[in-house]
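To start, the structure itself, in C-alpha cells.
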Number of protein chains: 2
Amino acid sequence: MIVVLRIGHRPQRDMRVTTHVGLTARALGADGMYIAADDRGVVTSIRDVADRFGGEFFVEDKVGWNSCIKRWKQDGGVVVHLTMFGLNLPDVEEEIRTKEKILVIVGAEKVPGDLYQMADYNVAVTNQPHSEIAGLAVFLDHIAPNALHREFPGAKVRVFPNPCGKTVEEL
Amino acid sequence: MIVVLRIGHRPQRDMRVTTHVGLTARALGADGMYIAADDRGVVTSIRDVADRFGGEFFVEDKVGWNSCIKRWKQDGGVVVHLTMFGLNLPDVEEEIRTKEKILVIVGAEKVPGDLYQMADYNVAVTNQPHSEIAGLAVFLDHIAPNALHREFPGAKVRVFPNPCGKTVEEL
C-alpha cells in the first residue's frame, strides 16, 4: 500500500500543482492521498477524475501531517520523504520496494525541518531542483508494482492506446 | 539529443507548470526546451536555476511550434508527442531509445489536432489523466541515458545526498 501525504499546500495558489500530485499518485499506483490543508476544490477535482476513470483512489484533506506520520508509523508503515536533499532513488529503491506500507511525503517549497528526522527515508530523484510532481512520478514508477500497467475497475470513461489519434470509450 | 517543445502555454496562468516542465527536463537529461509562447518570466527562472546548478540546458521562448517540428524533422530528428491518448511508453520505449535526436512535445490541456499526425510517436505514460510534468519525468527516466545520474558541470551550488538533513556546497 502506498499513500501520498501532501504538505505545505497553500489553498488557491497550489491548487493546480497539488491536483497534478494527486492525479499522478492515482495514475501511477498509489492508493490515496492525504492533504495537510483545507482545500475542497482540489479534493473535488481529483475525486471527479477518479469517479470517471475508475479505481479506488481516495483523497482526504484537513489532515494533520504530524499525527498522520505518527499514526502511520504506529501501524507499522514506513515514511519516505521526497526531497532534493535526500539519498538518490537508485541507491535506496531496492530496500524501499520490500516495504508493504509506504507513506510518501510530497512537500511544497518549504517543509518543516523536523520532517528529515521523522522520515525513515529522505529520497531524492536526483539532487537537482525540479518538481515535486516529477519526483513523485519517478518514485512511483520505480516503487509501485506495475505502475505503468494499472487496472482501474469501474471506469465510466476509458482511453485506449492509439498511435495517431484518440480512442475514447464511454461506458 | 533530447529537446522539449512546450506548446499551449498560457503566459501567467501556466507559468508554474511550464517552469516545472523546464526544470524536470533539465534535471532528467534533456538538453533544452523551446516554448511556443512569449513568457520571459519562465525563461528567466529556468535559466537562473541552470546558471546556479550547472550544466548546458538552454531555454528559448517565442518559438513557432509548427516550424519547429518541421525543422526538427528536416534535420533528421524524430518527434514524440506525449499524450494520454498515445501508445503506452513500455510498448514503444525500446524503439525510441535507438533514436539520436528526439523532440518531445509537452502540451497543456488542449493541443492542435494536427499534432497527432505530425508526431512520429504519440506516447502515453499510462492512458490515465494526470500531469504533463509527471509524463515528461517518466519518459525521460526511461529514454534519456543515465537520467538519474547526470553531471552538471560549472555548478555554483551543489547538493550532496544526505540521509537525514541538507548538505549544500556553494562553489
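Naming scheme: A, B, ... for chains in displayed order of the C-alpha cells; residues 1 onward per chain; ligands 1 onward as shown.
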Distance-based interface of chain B with chain A, 6 Å, counting only C-alpha atoms, as number ranges by chain: B: 20, 23-24, 27, 85-87, 116-117, 122, 126-128, 130-131, 133-134, 137-138, 148, 159, 161-166
Given only C-alpha atoms as the counted atoms, nearest of A:Pro153, A:Gly55, A:Gly8, A:Gly32 to Glu109 in chain A: A:Gly8
Filtered DSSP result for chain A, state strand (DSSP E or B), as a ChimeraX atom specification: /A:2-7,32-35,58-60,78-88,102-107,121-124,157-160,167-170
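When CA of Ala36 in chain A is paired with CA of Glu56 in chain A, their separation reads 20.5 Å.
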Separation of CA of Arg6 in chain A from CA of Ile105 in chain A, in Å and rounded to one decimal: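 Computing the Euclidean distance for CA of Arg6 in chain A and CA of Ile105 in chain A yields 6.0 Å.
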DSSP alpha helix (DSSP H) selection over range 19-98 of chain A, as JSON, numbers by chain: {"A": [19, 20, 21, 22, 23, 24, 25, 26, 27, 40, 41, 42, 43, 44, 45, 46, 47, 48, 49, 50, 51, 52, 53, 65, 66, 67, 68, 69, 70, 71, 72, 73, 74, 89, 90, 91, 92, 93, 94, 95, 96]}
I need the residues from that last selection saved to file as a compact mmCIF listing (two decimals), in the first residue's frame (with N, CA and C atoms), if you can.
```txt
# COMPACT_ATOMS: atom_id res chain seq x y z
N THR A 19 -3.25 19.24 -7.43
CA THR A 19 -4.12 18.39 -8.24
C THR A 19 -3.27 17.46 -9.12
N HIS A 20 -2.21 18.01 -9.72
CA HIS A 20 -1.30 17.17 -10.50
C HIS A 20 -0.67 16.08 -9.62
N VAL A 21 -0.30 16.44 -8.40
CA VAL A 21 0.28 15.45 -7.48
C VAL A 21 -0.72 14.32 -7.26
N GLY A 22 -1.97 14.68 -7.00
CA GLY A 22 -2.99 13.67 -6.72
C GLY A 22 -3.28 12.78 -7.93
N LEU A 23 -3.38 13.39 -9.10
CA LEU A 23 -3.69 12.60 -10.30
C LEU A 23 -2.52 11.69 -10.67
N THR A 24 -1.31 12.19 -10.45
CA THR A 24 -0.12 11.38 -10.71
C THR A 24 -0.08 10.20 -9.75
N ALA A 25 -0.37 10.48 -8.49
CA ALA A 25 -0.40 9.41 -7.48
C ALA A 25 -1.39 8.33 -7.91
N ARG A 26 -2.58 8.75 -8.30
CA ARG A 26 -3.60 7.79 -8.72
C ARG A 26 -3.17 6.99 -9.95
N ALA A 27 -2.70 7.70 -10.99
CA ALA A 27 -2.38 7.02 -12.25
C ALA A 27 -1.24 6.03 -12.10
N ARG A 40 -11.16 22.06 -0.45
CA ARG A 40 -12.22 21.24 -1.01
C ARG A 40 -12.12 21.16 -2.54
N GLY A 41 -11.66 22.26 -3.16
CA GLY A 41 -11.58 22.31 -4.62
C GLY A 41 -10.67 21.23 -5.18
N VAL A 42 -9.52 21.07 -4.57
CA VAL A 42 -8.57 20.04 -5.01
C VAL A 42 -9.17 18.66 -4.82
N VAL A 43 -9.75 18.46 -3.64
CA VAL A 43 -10.35 17.15 -3.34
C VAL A 43 -11.40 16.81 -4.39
N THR A 44 -12.25 17.80 -4.69
CA THR A 44 -13.32 17.57 -5.65
C THR A 44 -12.79 17.25 -7.04
N SER A 45 -11.76 17.98 -7.48
CA SER A 45 -11.33 17.71 -8.86
C SER A 45 -10.64 16.36 -8.98
N ILE A 46 -9.91 15.94 -7.96
CA ILE A 46 -9.29 14.61 -8.04
C ILE A 46 -10.36 13.52 -7.97
N ARG A 47 -11.34 13.72 -7.07
CA ARG A 47 -12.41 12.72 -6.96
C ARG A 47 -13.22 12.60 -8.25
N ASP A 48 -13.42 13.73 -8.93
CA ASP A 48 -14.15 13.71 -10.20
C ASP A 48 -13.44 12.81 -11.20
N VAL A 49 -12.14 12.97 -11.31
CA VAL A 49 -11.37 12.14 -12.24
C VAL A 49 -11.45 10.67 -11.82
N ALA A 50 -11.26 10.42 -10.53
CA ALA A 50 -11.27 9.04 -10.03
C ALA A 50 -12.64 8.41 -10.29
N ASP A 51 -13.67 9.20 -10.15
CA ASP A 51 -15.02 8.70 -10.36
C ASP A 51 -15.23 8.33 -11.83
N ARG A 52 -14.75 9.16 -12.75
CA ARG A 52 -14.96 8.90 -14.18
C ARG A 52 -14.02 7.82 -14.72
N PHE A 53 -12.76 7.85 -14.26
CA PHE A 53 -11.77 6.94 -14.85
C PHE A 53 -11.55 5.66 -14.03
N TRP A 65 -0.38 16.76 9.51
CA TRP A 65 0.74 15.97 8.98
C TRP A 65 1.49 15.22 10.07
N ASN A 66 1.64 15.89 11.21
CA ASN A 66 2.39 15.31 12.31
C ASN A 66 1.72 14.03 12.83
N SER A 67 0.43 14.13 13.11
CA SER A 67 -0.28 12.96 13.65
C SER A 67 -0.43 11.89 12.57
N CYS A 68 -0.55 12.30 11.34
CA CYS A 68 -0.66 11.34 10.23
C CYS A 68 0.60 10.47 10.16
N ILE A 69 1.75 11.11 10.27
CA ILE A 69 3.02 10.38 10.21
C ILE A 69 3.15 9.45 11.41
N LYS A 70 2.79 9.97 12.59
CA LYS A 70 2.92 9.14 13.80
C LYS A 70 2.02 7.91 13.73
N ARG A 71 0.80 8.13 13.29
CA ARG A 71 -0.15 7.02 13.18
C ARG A 71 0.36 5.98 12.18
N TRP A 72 0.86 6.47 11.07
CA TRP A 72 1.37 5.58 10.02
C TRP A 72 2.48 4.68 10.56
N LYS A 73 3.37 5.29 11.35
CA LYS A 73 4.48 4.51 11.90
C LYS A 73 4.00 3.52 12.96
N GLN A 74 3.05 3.97 13.80
CA GLN A 74 2.49 3.07 14.81
C GLN A 74 1.86 1.83 14.16
N LEU A 89 17.38 8.09 -5.40
CA LEU A 89 16.45 6.96 -5.51
C LEU A 89 17.11 5.63 -5.90
N PRO A 90 17.96 5.61 -6.94
CA PRO A 90 18.53 4.31 -7.33
C PRO A 90 19.32 3.64 -6.20
N ASP A 91 19.81 4.43 -5.24
CA ASP A 91 20.61 3.85 -4.15
C ASP A 91 19.77 3.27 -3.02
N VAL A 92 18.48 3.56 -2.99
CA VAL A 92 17.64 3.06 -1.89
C VAL A 92 16.40 2.32 -2.36
N GLU A 93 16.15 2.33 -3.67
CA GLU A 93 14.87 1.81 -4.13
C GLU A 93 14.68 0.32 -3.86
N GLU A 94 15.77 -0.43 -3.91
CA GLU A 94 15.63 -1.87 -3.72
C GLU A 94 15.10 -2.17 -2.31
N GLU A 95 15.65 -1.46 -1.34
CA GLU A 95 15.21 -1.64 0.04
C GLU A 95 13.76 -1.17 0.23
N ILE A 96 13.45 -0.02 -0.32
CA ILE A 96 12.09 0.53 -0.15
C ILE A 96 11.05 -0.38 -0.80
```
Contacts of Ala30 in chain A at 8 Å (only C-alpha atoms; same-chain gap of 6+ positions) as a list in words: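 So, after excluding close chain neighbours, the residues are Met1, Ile2, Val3, Val4, Phe57, Leu140 and Ala144 of chain A.
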